[in-house]
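Data first, discussion second: the structure below is written as structure tokens.
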Amino acid sequence: MSSETAAIPGDLRTKIISEPELILEDRDLMRALIAANERIMGGNIVDLRGIAMERLEARLDRLEETHRHVIAAAYENLAGTNMIHRAVLKMLDPVGFDDFLKNLESEIAEILRLDALRLVLESAVANDDPAARALGGTLLVAEPGFAAAYLTQGRNIPIRQVTLRQVQPDSDLVYGERSDWIRSEACLKLDLGPGRLPGMLVFGAEDPHQFKPTQGTDLLTFFAGVFERAMRRWLS
């Protein structure tokens, strides 16, 4: 038996021979073995196998990072889906319109983790409708064209059903006293049926990153569709 072999304790040598994958799966150990091999070979010899292994290792790191991002995105999407489903079921509970509005401001806003929630309905008699004002702070009755102007912010751009953006409200018209700390919002355009003016549902958040233009809108589009149908029932 050579001196190099004898330097390895017998039980350890037997363990390595019987389970070599223990070494192959240990990245730090493999890196140390490759470095030792390069030192033995000298600086004038290019170890192509070592270079290939380094490239494979870098590729594996990138694949693992991508895998983590995919898993995180899938989990976030599942959590968002469950949240929207819970909010929709809760929205169908009330049997009266005033309870429907109270439910929006309390339980549904809590489920969706919102700091403010406003339902905007356009009316030709916005300033002369005491019945609407008596329904509380959740409902804002506005003049015709208000929703389109709010969604576009005066710009000549197409109106999407869901608009996500970071904001710093310059008035308290929509959010009232909460305007000072709303930093992002989701605006859901509502089609309330033939012959009716459009409406809008506005979600406000203190977190500036809760609603961003780069986020997907599929779940909120679904919520808006359910909400439109519920509102048509109340308005009929």
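To be explicit about the labels: the chains of the structure tokens are called A, B, and onward in the order shown, and within each one the residues are counted from 1, while ligands get numbers from 1 in the order they are shown.
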Using the chain letters and numbers from this document, which residues of stretch 161-210 of chain A does DSSP assign to helix (DSSP H, G or I), as an mmCIF file with N, CA, C and O atoms, in the first residue's frame?
```cif
data_model
loop_
_atom_site.group_PDB
_atom_site.id
_atom_site.type_symbol
_atom_site.label_atom_id
_atom_site.label_comp_id
_atom_site.auth_asym_id
_atom_site.auth_seq_id
_atom_site.Cartn_x
_atom_site.Cartn_y
_atom_site.Cartn_z
ATOM 1 N N GLY A 176 -60.484 60.939 0.810
ATOM 2 C CA GLY A 176 -60.825 61.683 2.011
ATOM 3 C C GLY A 176 -59.604 61.932 2.879
ATOM 4 O O GLY A 176 -58.517 62.255 2.386
ATOM 5 N N GLU A 177 -59.763 61.734 4.180
ATOM 6 C CA GLU A 177 -58.672 62.011 5.115
ATOM 7 C C GLU A 177 -57.510 61.032 4.971
ATOM 8 O O GLU A 177 -56.421 61.279 5.502
ATOM 9 N N ARG A 178 -57.705 59.952 4.254
ATOM 10 C CA ARG A 178 -56.627 58.977 4.061
ATOM 11 C C ARG A 178 -55.695 59.348 2.912
ATOM 12 O O ARG A 178 -54.705 58.657 2.666
ATOM 13 N N SER A 179 -56.003 60.398 2.209
ATOM 14 C CA SER A 179 -55.215 60.780 1.033
ATOM 15 C C SER A 179 -53.748 61.028 1.362
ATOM 16 O O SER A 179 -52.872 60.789 0.517
ATOM 17 N N ASP A 180 -53.450 61.493 2.556
ATOM 18 C CA ASP A 180 -52.073 61.870 2.908
ATOM 19 C C ASP A 180 -51.124 60.688 2.893
ATOM 20 O O ASP A 180 -49.915 60.876 2.710
ATOM 21 N N TRP A 181 -51.633 59.471 3.094
ATOM 22 C CA TRP A 181 -50.703 58.349 3.165
ATOM 23 C C TRP A 181 -50.984 57.240 2.160
ATOM 24 O O TRP A 181 -50.394 56.154 2.250
#
```
### Filtered DSSP result for chain A, state strand (DSSP E or B), as a count of residues only
30
### Query
atom CA of A:Ile111 and atom CA of A:Gln153, how far apart in Å?
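So the answer is 28.4 Å.
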### Task
Between A:Arg183, A:Arg160, A:Lys90, A:Arg59, single out the one closest to A:Leu114, counting only C-alpha atoms.
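Answer, going by the shortest atom-to-atom distance: A:Arg183.
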### Query
What lies within 12 Å of A:Lys102 using only C-alpha atoms, ignoring chain neighbours under 6 positions off, as a ChimeraX atom specification?
/A:90-91,93-96,108-109,117-119,135-139
### Query
Taking into account only C-alpha atoms, which residue in the set A:Gln161, A:Gln166, A:Thr14, A:Asn156 is nearest to A:Thr217?
A:Gln161
#### Entry: Within 9 Å of A:Ala230 using only C-alpha atoms, minus same-chain residues under 4 positions, as number ranges by chain
A: 91-92, 225-226, 234-235
#### Entry: Who sits within 12 Å of A:Phe222, only C-alpha atoms, same chain under 5 positions skipped, as a ChimeraX atom specification
/A:80-81,84-85,87-88,161-162,188-190,216-217,227-229
Could those selected residues go to a file with N, CA and C atoms, as an mmCIF file, in the first residue's frame?
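Everything below was put into out20.cif:
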```cif
data_model
loop_
_atom_site.group_PDB
_atom_site.id
_atom_site.type_symbol
_atom_site.label_atom_id
_atom_site.label_comp_id
_atom_site.auth_asym_id
_atom_site.auth_seq_id
_atom_site.Cartn_x
_atom_site.Cartn_y
_atom_site.Cartn_z
ATOM 1 N N GLY A 80 -52.618 34.911 -4.112
ATOM 2 C CA GLY A 80 -53.481 35.954 -4.657
ATOM 3 C C GLY A 80 -54.814 35.405 -5.130
ATOM 4 N N THR A 81 -54.788 34.218 -5.743
ATOM 5 C CA THR A 81 -56.029 33.585 -6.201
ATOM 6 C C THR A 81 -56.943 33.270 -5.024
ATOM 7 N N ILE A 84 -58.555 36.526 -3.714
ATOM 8 C CA ILE A 84 -59.642 37.021 -4.553
ATOM 9 C C ILE A 84 -60.885 36.147 -4.398
ATOM 10 N N HIS A 85 -60.705 34.845 -4.327
ATOM 11 C CA HIS A 85 -61.848 33.939 -4.156
ATOM 12 C C HIS A 85 -62.566 34.218 -2.833
ATOM 13 N N ALA A 87 -62.615 37.044 -1.217
ATOM 14 C CA ALA A 87 -63.286 38.344 -1.320
ATOM 15 C C ALA A 87 -64.576 38.237 -2.128
ATOM 16 N N VAL A 88 -64.555 37.455 -3.206
ATOM 17 C CA VAL A 88 -65.751 37.285 -4.026
ATOM 18 C C VAL A 88 -66.862 36.609 -3.232
ATOM 19 N N GLN A 161 -59.303 48.165 -18.214
ATOM 20 C CA GLN A 161 -60.238 47.800 -17.155
ATOM 21 C C GLN A 161 -59.564 47.869 -15.790
ATOM 22 N N VAL A 162 -58.272 47.525 -15.725
ATOM 23 C CA VAL A 162 -57.538 47.581 -14.465
ATOM 24 C C VAL A 162 -56.299 48.449 -14.659
ATOM 25 N N LEU A 188 -60.342 49.908 -10.896
ATOM 26 C CA LEU A 188 -61.092 48.935 -11.678
ATOM 27 C C LEU A 188 -62.277 49.639 -12.348
ATOM 28 N N LYS A 189 -62.222 49.744 -13.669
ATOM 29 C CA LYS A 189 -63.304 50.380 -14.409
ATOM 30 C C LYS A 189 -64.501 49.440 -14.455
ATOM 31 N N LEU A 190 -65.700 49.968 -14.211
ATOM 32 C CA LEU A 190 -66.903 49.141 -14.123
ATOM 33 C C LEU A 190 -67.882 49.476 -15.233
ATOM 34 N N GLY A 216 -49.287 41.637 -12.804
ATOM 35 C CA GLY A 216 -50.367 41.071 -13.594
ATOM 36 C C GLY A 216 -51.721 41.561 -13.099
ATOM 37 N N THR A 217 -52.699 41.564 -13.995
ATOM 38 C CA THR A 217 -54.021 42.095 -13.652
ATOM 39 C C THR A 217 -55.142 41.069 -13.807
ATOM 40 N N PHE A 227 -67.787 41.915 -9.639
ATOM 41 C CA PHE A 227 -68.338 43.098 -8.989
ATOM 42 C C PHE A 227 -69.347 43.793 -9.901
ATOM 43 N N GLU A 228 -69.041 43.877 -11.205
ATOM 44 C CA GLU A 228 -69.969 44.483 -12.153
ATOM 45 C C GLU A 228 -71.320 43.773 -12.130
ATOM 46 N N ARG A 229 -71.279 42.463 -12.122
ATOM 47 C CA ARG A 229 -72.523 41.695 -12.124
ATOM 48 C C ARG A 229 -73.309 41.883 -10.834
#
```
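One distance worth recording is that between atom CA of A:Met231 and atom CA of A:Leu173, which is 22.3 Å.
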### Message
Would you compute the distance between atom CA of A:Gly204 and atom CA of A:Cys187? Give it in Å to one decimal.
### Response
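Answer for the atom CA of A:Gly204 to atom CA of A:Cys187 separation: 8.7 Å.
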